[in-house]
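J.: Quick one, coords_20.txt (compact mmCIF, N, CA and C atoms):
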```txt
# COMPACT_ATOMS: atom_id res chain seq x y z
N MET A 1 0.85 -1.18 0.00
CA MET A 1 0.00 0.00 0.00
C MET A 1 0.89 1.23 0.00
N ALA A 2 0.56 2.19 -0.83
CA ALA A 2 1.29 3.45 -0.89
C ALA A 2 0.75 4.38 0.18
N SER A 3 1.65 5.06 0.85
CA SER A 3 1.28 6.05 1.86
C SER A 3 1.92 7.37 1.48
N ILE A 4 1.10 8.38 1.26
CA ILE A 4 1.57 9.70 0.87
C ILE A 4 1.32 10.63 2.05
N SER A 5 2.36 11.31 2.49
CA SER A 5 2.24 12.22 3.63
C SER A 5 2.78 13.58 3.23
N LYS A 6 1.99 14.61 3.43
CA LYS A 6 2.38 15.98 3.10
C LYS A 6 2.13 16.86 4.32
N GLU A 7 3.03 17.81 4.54
CA GLU A 7 2.86 18.77 5.64
C GLU A 7 2.93 20.18 5.08
N LEU A 8 2.12 21.06 5.65
CA LEU A 8 2.02 22.43 5.17
C LEU A 8 1.99 23.39 6.34
N PRO A 9 3.04 24.23 6.50
CA PRO A 9 2.98 25.26 7.53
C PRO A 9 2.02 26.37 7.11
N LEU A 10 1.22 26.83 8.06
CA LEU A 10 0.23 27.87 7.77
C LEU A 10 0.36 29.02 8.75
N GLU A 11 0.23 30.22 8.25
CA GLU A 11 0.22 31.43 9.07
C GLU A 11 -1.23 31.79 9.37
N ILE A 12 -1.86 30.94 10.17
CA ILE A 12 -3.24 31.12 10.61
C ILE A 12 -3.38 30.31 11.89
N GLY A 13 -4.23 30.74 12.79
CA GLY A 13 -4.43 30.00 14.02
C GLY A 13 -5.02 28.62 13.77
N ALA A 14 -4.65 27.67 14.61
CA ALA A 14 -5.11 26.28 14.45
C ALA A 14 -6.64 26.19 14.51
N ASP A 15 -7.26 26.94 15.41
CA ASP A 15 -8.73 26.87 15.51
C ASP A 15 -9.39 27.39 14.24
N GLU A 16 -8.84 28.47 13.67
CA GLU A 16 -9.40 29.02 12.43
C GLU A 16 -9.26 28.03 11.27
N ALA A 17 -8.09 27.44 11.14
CA ALA A 17 -7.86 26.46 10.07
C ALA A 17 -8.76 25.25 10.27
N TRP A 18 -8.87 24.77 11.52
CA TRP A 18 -9.67 23.60 11.81
C TRP A 18 -11.14 23.83 11.49
N GLU A 19 -11.65 25.01 11.71
CA GLU A 19 -13.05 25.31 11.43
C GLU A 19 -13.38 25.03 9.96
N VAL A 20 -12.43 25.26 9.08
CA VAL A 20 -12.63 25.00 7.65
C VAL A 20 -12.37 23.53 7.32
N ILE A 21 -11.24 23.01 7.79
CA ILE A 21 -10.84 21.63 7.47
C ILE A 21 -11.89 20.62 7.96
N ARG A 22 -12.47 20.84 9.14
CA ARG A 22 -13.40 19.88 9.74
C ARG A 22 -14.77 19.89 9.06
N ASP A 23 -15.03 20.86 8.22
CA ASP A 23 -16.32 21.00 7.54
C ASP A 23 -16.41 19.98 6.41
N PHE A 24 -16.88 18.78 6.73
CA PHE A 24 -16.91 17.70 5.75
C PHE A 24 -17.72 18.08 4.52
N GLY A 25 -18.85 18.72 4.71
CA GLY A 25 -19.74 19.03 3.59
C GLY A 25 -19.23 20.09 2.64
N ALA A 26 -18.65 21.15 3.15
CA ALA A 26 -18.23 22.26 2.30
C ALA A 26 -16.74 22.57 2.39
N GLY A 27 -16.02 21.90 3.27
CA GLY A 27 -14.60 22.18 3.48
C GLY A 27 -13.76 22.21 2.22
N PRO A 28 -13.85 21.20 1.34
CA PRO A 28 -13.01 21.23 0.14
C PRO A 28 -13.22 22.50 -0.70
N SER A 29 -14.47 22.91 -0.89
CA SER A 29 -14.75 24.12 -1.67
C SER A 29 -14.27 25.37 -0.94
N ARG A 30 -14.36 25.37 0.38
CA ARG A 30 -13.94 26.53 1.17
C ARG A 30 -12.42 26.65 1.23
N MET A 31 -11.72 25.52 1.35
CA MET A 31 -10.27 25.60 1.53
C MET A 31 -9.51 25.64 0.21
N ALA A 32 -10.11 25.18 -0.87
CA ALA A 32 -9.40 25.13 -2.15
C ALA A 32 -10.27 25.58 -3.32
N PRO A 33 -10.85 26.79 -3.24
CA PRO A 33 -11.70 27.26 -4.33
C PRO A 33 -10.89 27.39 -5.63
N GLY A 34 -11.52 26.97 -6.71
CA GLY A 34 -10.83 26.99 -7.99
C GLY A 34 -10.19 25.64 -8.29
N PHE A 35 -9.50 25.08 -7.33
CA PHE A 35 -8.96 23.72 -7.46
C PHE A 35 -10.12 22.74 -7.32
N VAL A 36 -10.99 23.00 -6.33
CA VAL A 36 -12.25 22.27 -6.15
C VAL A 36 -13.35 23.18 -6.68
N VAL A 37 -14.14 22.68 -7.62
CA VAL A 37 -15.19 23.51 -8.21
C VAL A 37 -16.59 23.16 -7.72
N GLY A 38 -16.69 22.10 -6.90
CA GLY A 38 -17.99 21.76 -6.35
C GLY A 38 -17.87 20.69 -5.28
N THR A 39 -18.71 20.82 -4.26
CA THR A 39 -18.80 19.81 -3.20
C THR A 39 -20.27 19.68 -2.82
N ARG A 40 -20.76 18.44 -2.79
CA ARG A 40 -22.12 18.23 -2.33
C ARG A 40 -22.16 16.96 -1.48
N VAL A 41 -23.03 16.97 -0.49
CA VAL A 41 -23.17 15.84 0.42
C VAL A 41 -24.29 14.94 -0.07
N VAL A 42 -24.02 13.63 -0.09
CA VAL A 42 -25.00 12.62 -0.45
C VAL A 42 -24.87 11.52 0.61
N ALA A 43 -25.86 11.46 1.51
CA ALA A 43 -25.86 10.49 2.63
C ALA A 43 -24.60 10.67 3.47
N ASP A 44 -23.79 9.61 3.62
CA ASP A 44 -22.60 9.69 4.46
C ASP A 44 -21.35 10.03 3.65
N SER A 45 -21.55 10.53 2.43
CA SER A 45 -20.43 10.85 1.54
C SER A 45 -20.54 12.26 1.01
N ARG A 46 -19.42 12.74 0.49
CA ARG A 46 -19.43 14.00 -0.25
C ARG A 46 -18.90 13.69 -1.64
N VAL A 47 -19.41 14.41 -2.60
CA VAL A 47 -18.96 14.29 -3.98
C VAL A 47 -18.20 15.57 -4.29
N VAL A 48 -16.90 15.40 -4.55
CA VAL A 48 -16.01 16.55 -4.77
C VAL A 48 -15.63 16.57 -6.25
N THR A 49 -15.90 17.71 -6.91
CA THR A 49 -15.54 17.88 -8.31
C THR A 49 -14.37 18.84 -8.39
N PHE A 50 -13.34 18.42 -9.13
CA PHE A 50 -12.11 19.19 -9.25
C PHE A 50 -12.07 19.93 -10.58
N ALA A 51 -11.25 20.96 -10.66
CA ALA A 51 -11.17 21.79 -11.86
C ALA A 51 -10.75 21.00 -13.10
N ASP A 52 -9.99 19.92 -12.91
CA ASP A 52 -9.56 19.11 -14.05
C ASP A 52 -10.65 18.16 -14.54
N GLY A 53 -11.82 18.19 -13.91
CA GLY A 53 -12.93 17.35 -14.32
C GLY A 53 -13.05 16.05 -13.54
N SER A 54 -12.05 15.70 -12.76
CA SER A 54 -12.15 14.47 -11.98
C SER A 54 -13.14 14.66 -10.82
N VAL A 55 -13.73 13.56 -10.41
CA VAL A 55 -14.74 13.56 -9.35
C VAL A 55 -14.39 12.47 -8.36
N ALA A 56 -14.47 12.79 -7.08
CA ALA A 56 -14.20 11.79 -6.03
C ALA A 56 -15.40 11.72 -5.10
N ARG A 57 -15.89 10.51 -4.88
CA ARG A 57 -16.90 10.28 -3.85
C ARG A 57 -16.13 9.88 -2.61
N GLU A 58 -16.24 10.69 -1.55
CA GLU A 58 -15.48 10.49 -0.33
C GLU A 58 -16.43 10.19 0.82
N ARG A 59 -16.24 9.04 1.44
CA ARG A 59 -17.08 8.64 2.57
C ARG A 59 -16.51 9.21 3.86
N PHE A 60 -17.37 9.79 4.68
CA PHE A 60 -16.98 10.28 6.00
C PHE A 60 -16.64 9.09 6.89
N VAL A 61 -15.50 9.16 7.60
CA VAL A 61 -15.11 8.11 8.53
C VAL A 61 -15.21 8.62 9.96
N SER A 62 -14.50 9.72 10.28
CA SER A 62 -14.57 10.24 11.65
C SER A 62 -14.02 11.66 11.71
N VAL A 63 -14.40 12.33 12.80
CA VAL A 63 -13.83 13.63 13.11
C VAL A 63 -13.51 13.65 14.61
N ASP A 64 -12.35 14.17 14.95
CA ASP A 64 -11.90 14.27 16.33
C ASP A 64 -11.54 15.73 16.57
N ASP A 65 -12.46 16.47 17.20
CA ASP A 65 -12.23 17.89 17.42
C ASP A 65 -11.07 18.16 18.37
N GLU A 66 -10.89 17.29 19.36
CA GLU A 66 -9.79 17.50 20.29
C GLU A 66 -8.43 17.38 19.60
N ALA A 67 -8.29 16.39 18.74
CA ALA A 67 -7.04 16.19 18.00
C ALA A 67 -7.00 17.02 16.71
N ARG A 68 -8.12 17.67 16.37
CA ARG A 68 -8.27 18.43 15.12
C ARG A 68 -7.92 17.54 13.92
N ARG A 69 -8.61 16.40 13.83
CA ARG A 69 -8.32 15.41 12.77
C ARG A 69 -9.62 14.91 12.17
N ILE A 70 -9.65 14.89 10.84
CA ILE A 70 -10.79 14.35 10.11
C ILE A 70 -10.28 13.21 9.22
N VAL A 71 -11.09 12.16 9.11
CA VAL A 71 -10.72 10.99 8.31
C VAL A 71 -11.84 10.72 7.31
N TYR A 72 -11.45 10.41 6.09
CA TYR A 72 -12.40 10.09 5.04
C TYR A 72 -11.76 9.07 4.10
N ALA A 73 -12.57 8.47 3.23
CA ALA A 73 -12.07 7.48 2.28
C ALA A 73 -12.68 7.73 0.91
N VAL A 74 -11.84 7.72 -0.12
CA VAL A 74 -12.35 7.80 -1.49
C VAL A 74 -12.94 6.43 -1.83
N VAL A 75 -14.21 6.43 -2.19
CA VAL A 75 -14.90 5.16 -2.45
C VAL A 75 -15.42 5.04 -3.88
N GLY A 76 -15.14 6.02 -4.72
CA GLY A 76 -15.59 5.87 -6.10
C GLY A 76 -15.71 7.16 -6.86
N ASP A 77 -16.30 7.09 -7.98
CA ASP A 77 -16.54 8.07 -9.03
C ASP A 77 -15.43 7.92 -10.06
N THR A 78 -14.78 9.01 -10.53
CA THR A 78 -13.76 8.83 -11.56
C THR A 78 -12.49 8.22 -11.00
N LEU A 79 -12.24 8.38 -9.72
CA LEU A 79 -11.12 7.74 -9.05
C LEU A 79 -11.67 6.52 -8.32
N ARG A 80 -11.16 5.34 -8.64
CA ARG A 80 -11.69 4.09 -8.07
C ARG A 80 -10.57 3.25 -7.47
N PRO A 81 -10.07 3.65 -6.31
CA PRO A 81 -9.02 2.84 -5.68
C PRO A 81 -9.58 1.54 -5.12
N ALA A 82 -8.72 0.53 -5.01
CA ALA A 82 -9.11 -0.71 -4.35
C ALA A 82 -9.25 -0.48 -2.85
N HIS A 83 -8.41 0.41 -2.32
CA HIS A 83 -8.47 0.80 -0.91
C HIS A 83 -8.00 2.25 -0.81
N ASP A 84 -8.63 2.99 0.09
CA ASP A 84 -8.24 4.38 0.29
C ASP A 84 -8.62 4.80 1.71
N ASN A 85 -7.72 5.52 2.34
CA ASN A 85 -7.98 6.12 3.64
C ASN A 85 -7.16 7.40 3.71
N ALA A 86 -7.80 8.49 4.09
CA ALA A 86 -7.10 9.77 4.14
C ALA A 86 -7.45 10.50 5.43
N SER A 87 -6.48 11.27 5.92
CA SER A 87 -6.75 12.10 7.09
C SER A 87 -6.10 13.46 6.89
N MET A 88 -6.73 14.46 7.50
CA MET A 88 -6.18 15.81 7.56
C MET A 88 -6.20 16.19 9.04
N GLN A 89 -5.05 16.68 9.51
CA GLN A 89 -4.94 17.08 10.91
C GLN A 89 -4.29 18.44 10.99
N VAL A 90 -4.82 19.28 11.88
CA VAL A 90 -4.27 20.61 12.11
C VAL A 90 -3.58 20.59 13.47
N VAL A 91 -2.30 20.97 13.48
CA VAL A 91 -1.50 20.98 14.70
C VAL A 91 -1.08 22.42 14.99
N ALA A 92 -1.39 22.90 16.19
CA ALA A 92 -1.02 24.27 16.59
C ALA A 92 0.50 24.37 16.71
N GLU A 93 1.02 25.50 16.27
CA GLU A 93 2.46 25.76 16.37
C GLU A 93 2.71 27.17 16.90
N GLY A 94 1.93 27.57 17.87
CA GLY A 94 2.06 28.92 18.41
C GLY A 94 0.92 29.80 17.95
N GLU A 95 0.89 30.99 18.49
CA GLU A 95 -0.20 31.92 18.17
C GLU A 95 -0.16 32.32 16.69
N GLY A 96 -1.28 32.10 16.02
CA GLY A 96 -1.38 32.49 14.62
C GLY A 96 -0.62 31.59 13.66
N ARG A 97 -0.23 30.41 14.11
CA ARG A 97 0.52 29.49 13.25
C ARG A 97 0.07 28.06 13.52
N CYS A 98 0.06 27.27 12.48
CA CYS A 98 -0.26 25.85 12.62
C CYS A 98 0.35 25.08 11.46
N ARG A 99 0.15 23.79 11.48
CA ARG A 99 0.64 22.91 10.42
C ARG A 99 -0.50 21.97 10.03
N LEU A 100 -0.70 21.82 8.74
CA LEU A 100 -1.67 20.87 8.22
C LEU A 100 -0.90 19.61 7.82
N ILE A 101 -1.32 18.48 8.36
CA ILE A 101 -0.73 17.19 8.01
C ILE A 101 -1.79 16.40 7.26
N TRP A 102 -1.48 16.03 6.03
CA TRP A 102 -2.43 15.33 5.16
C TRP A 102 -1.80 14.00 4.78
N ILE A 103 -2.45 12.91 5.15
CA ILE A 103 -1.94 11.57 4.87
C ILE A 103 -2.98 10.82 4.04
N HIS A 104 -2.49 10.15 3.02
CA HIS A 104 -3.38 9.42 2.11
C HIS A 104 -2.77 8.05 1.87
N ASP A 105 -3.45 7.00 2.27
CA ASP A 105 -3.03 5.61 2.03
C ASP A 105 -3.91 5.04 0.92
N VAL A 106 -3.29 4.43 -0.08
CA VAL A 106 -4.06 4.02 -1.25
C VAL A 106 -3.50 2.75 -1.90
N LEU A 107 -4.40 1.96 -2.43
CA LEU A 107 -4.08 0.81 -3.29
C LEU A 107 -4.87 0.99 -4.58
N PRO A 108 -4.37 0.67 -5.72
CA PRO A 108 -3.04 0.16 -5.98
C PRO A 108 -1.98 1.26 -5.85
N ASP A 109 -0.74 0.81 -5.71
CA ASP A 109 0.38 1.73 -5.50
C ASP A 109 0.54 2.74 -6.62
N ASP A 110 0.16 2.38 -7.85
CA ASP A 110 0.37 3.31 -8.96
C ASP A 110 -0.52 4.55 -8.88
N LEU A 111 -1.47 4.56 -7.95
CA LEU A 111 -2.26 5.78 -7.73
C LEU A 111 -1.51 6.81 -6.88
N ALA A 112 -0.42 6.39 -6.23
CA ALA A 112 0.31 7.30 -5.34
C ALA A 112 0.84 8.53 -6.07
N GLU A 113 1.39 8.35 -7.25
CA GLU A 113 1.97 9.49 -7.97
C GLU A 113 0.92 10.55 -8.33
N PRO A 114 -0.19 10.18 -8.99
CA PRO A 114 -1.17 11.22 -9.31
C PRO A 114 -1.85 11.80 -8.07
N ILE A 115 -2.10 10.99 -7.06
CA ILE A 115 -2.71 11.52 -5.83
C ILE A 115 -1.75 12.47 -5.13
N GLY A 116 -0.48 12.09 -5.04
CA GLY A 116 0.52 12.97 -4.43
C GLY A 116 0.64 14.30 -5.15
N ALA A 117 0.64 14.25 -6.49
CA ALA A 117 0.71 15.49 -7.28
C ALA A 117 -0.51 16.36 -7.04
N ALA A 118 -1.68 15.74 -6.97
CA ALA A 118 -2.91 16.51 -6.70
C ALA A 118 -2.87 17.11 -5.30
N MET A 119 -2.34 16.37 -4.33
CA MET A 119 -2.23 16.89 -2.97
C MET A 119 -1.34 18.14 -2.94
N VAL A 120 -0.21 18.10 -3.66
CA VAL A 120 0.70 19.26 -3.71
C VAL A 120 -0.02 20.46 -4.32
N GLN A 121 -0.72 20.24 -5.44
CA GLN A 121 -1.48 21.32 -6.07
C GLN A 121 -2.53 21.87 -5.11
N GLY A 122 -3.28 20.98 -4.49
CA GLY A 122 -4.31 21.40 -3.57
C GLY A 122 -3.74 22.17 -2.39
N MET A 123 -2.60 21.74 -1.87
CA MET A 123 -2.01 22.42 -0.71
C MET A 123 -1.55 23.83 -1.05
N ASP A 124 -1.10 24.04 -2.28
CA ASP A 124 -0.75 25.40 -2.69
C ASP A 124 -1.96 26.32 -2.60
N VAL A 125 -3.11 25.82 -3.06
CA VAL A 125 -4.35 26.60 -3.02
C VAL A 125 -4.82 26.75 -1.57
N ILE A 126 -4.76 25.68 -0.79
CA ILE A 126 -5.17 25.74 0.62
C ILE A 126 -4.37 26.79 1.37
N LYS A 127 -3.07 26.82 1.16
CA LYS A 127 -2.22 27.80 1.86
C LYS A 127 -2.65 29.23 1.50
N ARG A 128 -2.76 29.49 0.20
CA ARG A 128 -3.17 30.85 -0.22
C ARG A 128 -4.54 31.21 0.35
N THR A 129 -5.46 30.27 0.29
CA THR A 129 -6.83 30.54 0.73
C THR A 129 -6.91 30.78 2.24
N LEU A 130 -6.37 29.85 3.02
CA LEU A 130 -6.48 29.98 4.47
C LEU A 130 -5.72 31.17 5.02
N GLU A 131 -4.61 31.52 4.39
CA GLU A 131 -3.80 32.64 4.91
C GLU A 131 -4.30 34.01 4.46
N THR A 132 -5.17 34.06 3.46
CA THR A 132 -5.55 35.37 2.93
C THR A 132 -7.04 35.70 2.94
N ARG A 133 -7.89 34.72 3.20
CA ARG A 133 -9.33 34.98 3.11
C ARG A 133 -10.01 34.79 4.45
N PRO A 134 -11.05 35.57 4.72
CA PRO A 134 -11.87 35.28 5.91
C PRO A 134 -12.51 33.91 5.76
N MET A 135 -12.57 33.12 6.81
CA MET A 135 -12.98 31.73 6.72
C MET A 135 -14.42 31.44 7.11
N SER A 136 -15.21 32.42 7.42
CA SER A 136 -16.60 32.10 7.78
C SER A 136 -17.31 31.59 6.55
N GLY A 137 -18.26 30.68 6.79
CA GLY A 137 -18.93 30.26 5.61
C GLY A 137 -19.77 29.10 5.74
```
Take the structure from the file and write it as structure tokens.
T.:
Amino acid sequence: MASISKELPLEIGADEAWEVIRDFGAGPSRMAPGFVVGTRVVADSRVVTFADGSVARERFVSVDDEARRIVYAVVGDTLRPAHDNASMQVVAEGEGRCRLIWIHDVLPDDLAEPIGAAMVQGMDVIKRTLETRPMSG
């Protein structure tokens, strides 16, 4: 199984970042507008549409507000992994600073490269968005 781990330092308070990241229904659109062009909730899943036309159906797994960690799994649509588990966690690093840790475990292994590349692209947008825009929403 491929495991992709990315970390992103952010110049925003952990609570502010977490308020967006933990929003399973609208979080992707709020944190990465333009990269994500649509998010809608269907039962226990969200359907995320990306600017490149790909679509991911992501099933909600858990949220831990104390640890500031959300877990979800890609279960279908244009991306169809045999297995997928992903988490995003916000870690405080002082006043007005935090770190986003995004881990994605996936099978088959050949999905690691495109998923990793998409994570890097998405994190660029997340950084710009969270550091420069008001997050209410």
J.: Neighbouring residues of A:Trp102 were defined as those with any atom within 5 Å, considering all atoms listed in the file; residues of the same chain fewer than 4 positions away were excluded. Please report them as a ChimeraX atom specification.
T.: /A:5-6,87-88
J.: Suppose you want the space between atom N of A:Phe60 and atom CA of A:Gly38; what is it in Å?
T.: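 Atom CA of A:Gly38 lies 16.3 Å from atom N of A:Phe60.
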J.: Counting only C-alpha atoms, which residue out of A:Gly96, A:Arg22, A:Val55, A:Pro108 sits closest to A:Arg68?
T.: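 Of the candidates, the smallest distance to A:Arg68 is held by A:Arg22.
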J.: Restricting the calculation to only N, CA and C atoms, which member of A:Asp105, A:Glu113, A:Glu11, A:Glu19 is positioned closest to A:Asp84?
T.: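 Closest to A:Asp84 of all the choices is A:Asp105.
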J.: Would you list the contacts of A:Leu79 as a PDB file with N, CA and C atoms, in the frame of the given file, taking every protein, DNA or RNA residue within 7 Å and counting all atoms listed in the file, but skipping same-chain residues closer than 4 positions in sequence?
T.:
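For reference, result-v2.pdb as written:
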```pdb
ATOM      1  N   SER A  54     -12.050  15.700 -12.760  1.00  0.00           N
ATOM      2  CA  SER A  54     -12.150  14.470 -11.980  1.00  0.00           C
ATOM      3  C   SER A  54     -13.140  14.660 -10.820  1.00  0.00           C
ATOM      4  N   VAL A  55     -13.730  13.560 -10.410  1.00  0.00           N
ATOM      5  CA  VAL A  55     -14.740  13.560  -9.350  1.00  0.00           C
ATOM      6  C   VAL A  55     -14.390  12.470  -8.360  1.00  0.00           C
ATOM      7  N   ALA A  56     -14.470  12.790  -7.080  1.00  0.00           N
ATOM      8  CA  ALA A  56     -14.200  11.790  -6.030  1.00  0.00           C
ATOM      9  C   ALA A  56     -15.400  11.720  -5.100  1.00  0.00           C
ATOM     10  N   ARG A  57     -15.890  10.510  -4.880  1.00  0.00           N
ATOM     11  CA  ARG A  57     -16.900  10.280  -3.850  1.00  0.00           C
ATOM     12  C   ARG A  57     -16.130   9.880  -2.610  1.00  0.00           C
ATOM     13  N   VAL A  74     -11.840   7.720  -0.120  1.00  0.00           N
ATOM     14  CA  VAL A  74     -12.350   7.800  -1.490  1.00  0.00           C
ATOM     15  C   VAL A  74     -12.940   6.430  -1.830  1.00  0.00           C
ATOM     16  N   VAL A  75     -14.210   6.430  -2.190  1.00  0.00           N
ATOM     17  CA  VAL A  75     -14.900   5.160  -2.450  1.00  0.00           C
ATOM     18  C   VAL A  75     -15.420   5.040  -3.880  1.00  0.00           C
TER      19      VAL A  75
END
```
J.: Using the chain letters and numbers from this document, which residues of chain A does DSSP assign to alpha helix (DSSP H), as a ChimeraX atom specification?
T.: /A:14-21,27-31,112-132
J.: If the box runs along x, y and z of the file and leaves 8 Å on each side of stretch 42-52 of chain A, what are its centre and edge lengths in Å, one decimal, as lines of an AutoDock Vina configuration file?
T.:
```
center_x = -17.7
center_y = 15.7
center_z = -5.0
size_x = 32.3
size_y = 28.2
size_z = 35.0
```
J.: A:Asp65, A:Ala51, A:Glu58, A:Val106: which is nearest A:His83, counting all atoms listed in the file?
T.: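 Selected residue with least distance to A:His83: A:Val106.
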J.: Choose the residue, out of A:Glu7, A:Glu131, A:Asp64, A:Asp52, that has the smallest atom-to-atom separation from A:Arg99; count all atoms listed in the file.
T.: A:Glu7
J.: Rounded to one decimal in Å, what is the spacing between atom C of A:Val48 and atom C of A:Arg97?
T.: 27.7 Å
J.: From the set A:Thr129, A:Ser62, A:Val37, A:Ile103, which residue has the shortest atom-to-atom contact distance to A:Gln89, counting all atoms listed in the file?
T.: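 Residue with the minimum atom-to-atom distance to A:Gln89: A:Ile103.
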J.: Between atom CA of A:Ile21 and atom CA of A:Asp77, what is the distance in Å, rounded to a tenth?
T.: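 Going from atom CA of A:Ile21 over to atom CA of A:Asp77, I get 22.1 Å.
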